[in-house]
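The block underneath contains the structure these notes are about, expressed in structure tokens.
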Amino acid sequence: MSRSTPPIVRIGWLAWPLAPRLVLAVLAGAAASGAAIGLTASSAWLISRASERPPILTLMIAITGVRFFGVSRGAFRYAERLLAHDAAFRVLARLRGRVYQRLERLAPAGLAEFQSGDLLSRLVDDVDGLADLWLRVLLPYFVAGVAATVTVACIWYLAPVAGAVLAGTLLFVAFGIPFFTIAIARRGERAISGVRGEMAAATVELLAGAPEIMVAGATDARLRDLDSLDLRLAEAEARTSAGAGVGALLSGLSSGAAVWFGLIAGVAALRAGSLGGVVLAVVVLTPIAVHEAASGLVSAAQHLPGLAVMAGRVTDVLARPDPVAEPHDPQPLPPRPYGLRCRGLRARYPGAPGDALALPPVDLGAGERLLVTGPSGSGKSTLAAILVGFLAPSAGAVELVGPGGSVDIGRLTGDDLRRAVCLCEQDPHVFDTSLVENVRLARPSATNAEIAAALDAAQLTAWVSSLPLGLETLVGEHGALLSGGQRQRLSLARALLADAPIVIFDEPTEHIDEATATALTADLLAATAGRTVVMITHRPELIASASWAARVDLGAGPT
């Protein structure tokens, strides 16, 4: 499907593999609506015919019909709900899986334009809200279309004019009223998803930065910003409610018009002798049931603008280009161990006016160490992102050099590259679970003994042994119960467990005191002896005594 296709259509086509389930749901829903209409029609005929006091046996079919329609309506409605929700949740699972896969390919460089709260809103609220596309829009229209077509045909057969009036009022309910109500509510619907995303981003930012905001005395200002967003959201929702109110009014008037015009047409047919008196009640009262079945169409159509906005926000994520494209003909990893060769390496972030990195030539043999220094903003973290395949260089090349030859990292799949190169970030993410599960993330199949060995190499054994629960100790959200040095050592343990031949340390001594930083650096280098190491830091004095095969000073900043 082309990118010019409207986002809501592209999202809707995700249900195609589940079309049989949705067709069954439509048939069950049409049967439930048909039973409700049949109940009204058979009851009208029964009451009208009973007023003539015929023999009771002549009413038995109608009595049985009333019972059947009354019981079957609930059964068919239950079947419709079961089938429709099953299909919708399956489609939702497919959509959510696609979004997760896309985010995995985009992170981290491809998500720089999104605020975390807004991205979370797209991933959760917008994706979940799109279930209404099938449950509250498409299904009601198909169900009402089937039930209304059959009913209009029957009324047309009995009284053509009444059938034509009923068809006209139903078309007005299905398409005319939504046109007016959507026009009224469009601005509000467009604003709702965007404002919700802004509120989510502002709330996450407020909660995450609460200590700093309180110290700066900016709490009241941030709360006022949230109040302003809440007011904008309320105004947008009020506009959509106004559209819903107008729709309900017009829908009720349409139902009344169908009854009155049906009565006029039926009386005319009765006087002309083409319609019996008993059937007149059916012609007059059946439109009430048909319009009741179609009354949900106004609400269904009003969901479309909001769903279109949600679909646009979700497809905006799905349509983002990969920061690093997977190769069409990937090469296998060469035999270990690996060195690194960089030639003419430059990098630029999308939309940036200049290069974020300009690296001089580097030749690093297997097991050797590269020290990369420079002030903040000089491109050190950009280099780390390129080496692990998070960002594609704008010029030049990086090669893994092994005993059997070399391969450009652009010819490797992302998974293969990250099996060869492991990154220990300056602020490693620690999950709100136990120590053992945080380390096992690097290799899910690892045993507790292997994890303990990795922790020992990272100089964490004594500390873990002092904890009452040992490896099962919970570390808190974002590792709140760990110090900065402990988080870095935990990241080192992951790298050692992953057994990557190349390890990159990106500012490992950031945010910790000098004594701890010196000890940590010595432990990092000792634990990675024999591996190829790239140490990125703006504090080279901490490791001046170490032996380096190469040093690169990125200078004052990007060119």
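By order in the structure tokens, chains are A, B, ...; within a chain, residues start at 1; ligands start at 1, following the order shown.
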Please run DSSP on the backbone and report, as a PyMOL selection string, all residues within region 156-394 of chain A that come out as helix (DSSP H, G or I). chain A and resi 156-158+160-208+210-215+219-272+277-294+296-318+380-387
Residues of region 338-471 of chain A in strand (DSSP E or B) according to DSSP, as a VMD selection string? chain A and resid 339 to 347 357 to 359 362 to 364 369 to 373 395 to 402 405 to 408 421 to 424 434
Which residues of region 31-116 of chain A come within 10 Å of region 131-134 of chain A, and what is each one's closest atom pair and distance in Å (one decimal), counting only C-alpha atoms, sorted by chain and residue number, as a Markdown table?
| residue | atom | partner | partner_atom | distance |
| --- | --- | --- | --- | --- |
| A:Ala84 | CA | A:Trp134 | CA | 7.9 |
| A:His85 | CA | A:Ala131 | CA | 8.8 |
| A:Ala87 | CA | A:Trp134 | CA | 8.7 |
| A:Ala88 | CA | A:Ala131 | CA | 5.9 |
| A:Phe89 | CA | A:Ala131 | CA | 7.2 |
| A:Arg90 | CA | A:Ala131 | CA | 9.7 |
| A:Val91 | CA | A:Ala131 | CA | 7.9 |
| A:Leu92 | CA | A:Ala131 | CA | 6.3 |
| A:Ala93 | CA | A:Ala131 | CA | 10.0 |
| A:Leu95 | CA | A:Ala131 | CA | 9.8 |
What's around region 244-246 of chain A at 8 Å? Count only C-alpha atoms, leave out sequence neighbours fewer than 2 positions away in its own chain, and write the answer as a PyMOL selection string. chain A and resi 181+240-242+248-250+298-299+302
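Closest approach to Pro501 (chain A) among A:Leu307, A:Pro334, A:Gly414, A:His429 is made by A:Pro334 (distances from only C-alpha atoms).
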Can you list, as a ChimeraX atom specification, every protein, DNA or RNA residue that comes within 12 Å of region 325-329 of chain A when you count only C-alpha atoms, leaving out same-chain residues fewer than 4 positions away? /A:105-106,110,320-321,389-393,408-417
With N, CA and C atoms retained, export the selected residues as a CSV table (one decimal), in the first residue's frame.
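The file below, selection_11.csv, is the result:
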chain,number,residue,atom,x,y,z
A,105,ARG,N,13.5,-0.7,15.5
A,105,ARG,CA,14.4,-0.3,14.4
A,105,ARG,C,14.8,1.2,14.5
A,106,LEU,N,13.9,2.0,15.1
A,106,LEU,CA,14.1,3.5,15.1
A,106,LEU,C,15.0,3.9,16.2
A,110,GLY,N,16.4,7.5,15.7
A,110,GLY,CA,15.2,7.8,14.9
A,110,GLY,C,14.1,8.4,15.7
A,320,ARG,N,8.4,6.2,9.6
A,320,ARG,CA,9.7,6.9,9.8
A,320,ARG,C,10.8,6.0,9.1
A,321,PRO,N,11.7,6.6,8.4
A,321,PRO,CA,12.8,5.8,7.8
A,321,PRO,C,13.8,5.3,8.8
A,389,GLY,N,25.8,0.6,15.4
A,389,GLY,CA,24.8,0.5,14.4
A,389,GLY,C,23.5,1.3,14.7
A,390,PHE,N,23.6,2.3,15.6
A,390,PHE,CA,22.4,3.1,15.9
A,390,PHE,C,22.3,4.3,14.9
A,391,LEU,N,23.4,4.6,14.3
A,391,LEU,CA,23.4,5.8,13.4
A,391,LEU,C,24.3,5.4,12.2
A,392,ALA,N,23.9,5.8,11.0
A,392,ALA,CA,24.7,5.5,9.8
A,392,ALA,C,25.6,6.7,9.5
A,393,PRO,N,26.8,6.5,9.2
A,393,PRO,CA,27.7,7.6,8.9
A,393,PRO,C,27.3,8.3,7.6
A,408,ASP,N,32.9,-4.3,6.2
A,408,ASP,CA,32.3,-3.0,6.6
A,408,ASP,C,31.1,-3.2,7.5
A,409,ILE,N,30.9,-2.5,8.5
A,409,ILE,CA,29.8,-2.7,9.5
A,409,ILE,C,28.5,-2.4,8.8
A,410,GLY,N,28.5,-1.6,7.7
A,410,GLY,CA,27.2,-1.4,7.0
A,410,GLY,C,26.8,-2.6,6.2
A,411,ARG,N,27.6,-3.6,6.1
A,411,ARG,CA,27.2,-4.9,5.4
A,411,ARG,C,26.8,-5.9,6.4
A,412,LEU,N,26.8,-5.6,7.7
A,412,LEU,CA,26.3,-6.6,8.7
A,412,LEU,C,24.9,-6.2,9.1
A,413,THR,N,24.1,-7.2,9.5
A,413,THR,CA,22.8,-6.9,10.1
A,413,THR,C,23.1,-6.3,11.5
A,414,GLY,N,22.1,-5.5,11.9
A,414,GLY,CA,22.2,-4.9,13.2
A,414,GLY,C,22.4,-5.9,14.4
A,415,ASP,N,21.7,-7.0,14.3
A,415,ASP,CA,21.9,-8.0,15.4
A,415,ASP,C,23.3,-8.6,15.4
A,416,ASP,N,23.9,-8.9,14.2
A,416,ASP,CA,25.2,-9.4,14.1
A,416,ASP,C,26.2,-8.4,14.6
A,417,LEU,N,26.1,-7.1,14.2
A,417,LEU,CA,27.0,-6.1,14.7
A,417,LEU,C,27.0,-6.0,16.2
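Summary of the local environment: counting only C-alpha atoms, residues at most 7 Å from region 488-490 of chain A, other than itself and those fewer than 2 positions away along its chain, are Pro428, Val439, Ala458, Gly484, Gly485, Gln486, Leu492, Ala493, Arg494 and Pro508 of chain A.
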Only N, CA and C atoms, please: the residues just picked out, written as an mmCIF file, in the first residue's frame.
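Listed below is the output, result33.cif:
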data_model
loop_
_atom_site.group_PDB
_atom_site.id
_atom_site.type_symbol
_atom_site.label_atom_id
_atom_site.label_comp_id
_atom_site.auth_asym_id
_atom_site.auth_seq_id
_atom_site.Cartn_x
_atom_site.Cartn_y
_atom_site.Cartn_z
ATOM 1 N N PRO A 428 23.555 3.928 31.930
ATOM 2 C CA PRO A 428 22.923 2.672 31.527
ATOM 3 C C PRO A 428 21.547 2.510 32.147
ATOM 4 N N VAL A 439 21.205 -8.364 34.823
ATOM 5 C CA VAL A 439 22.417 -8.842 34.161
ATOM 6 C C VAL A 439 22.070 -9.866 33.076
ATOM 7 N N ALA A 458 33.296 -7.821 37.347
ATOM 8 C CA ALA A 458 32.956 -6.392 37.432
ATOM 9 C C ALA A 458 33.137 -5.840 38.840
ATOM 10 N N GLY A 484 25.908 5.537 41.229
ATOM 11 C CA GLY A 484 26.357 5.676 39.849
ATOM 12 C C GLY A 484 27.420 4.656 39.487
ATOM 13 N N GLY A 485 28.370 4.427 40.385
ATOM 14 C CA GLY A 485 29.411 3.435 40.124
ATOM 15 C C GLY A 485 28.861 2.033 40.026
ATOM 16 N N GLN A 486 27.887 1.707 40.868
ATOM 17 C CA GLN A 486 27.292 0.370 40.818
ATOM 18 C C GLN A 486 26.527 0.148 39.517
ATOM 19 N N LEU A 492 28.896 -3.129 32.984
ATOM 20 C CA LEU A 492 30.083 -3.898 32.617
ATOM 21 C C LEU A 492 29.807 -5.400 32.717
ATOM 22 N N ALA A 493 29.108 -5.800 33.788
ATOM 23 C CA ALA A 493 28.773 -7.223 33.935
ATOM 24 C C ALA A 493 27.927 -7.712 32.759
ATOM 25 N N ARG A 494 27.015 -6.879 32.287
ATOM 26 C CA ARG A 494 26.236 -7.252 31.102
ATOM 27 C C ARG A 494 27.150 -7.459 29.902
ATOM 28 N N PRO A 508 32.060 6.488 31.077
ATOM 29 C CA PRO A 508 31.672 5.651 32.226
ATOM 30 C C PRO A 508 31.858 6.319 33.573
#
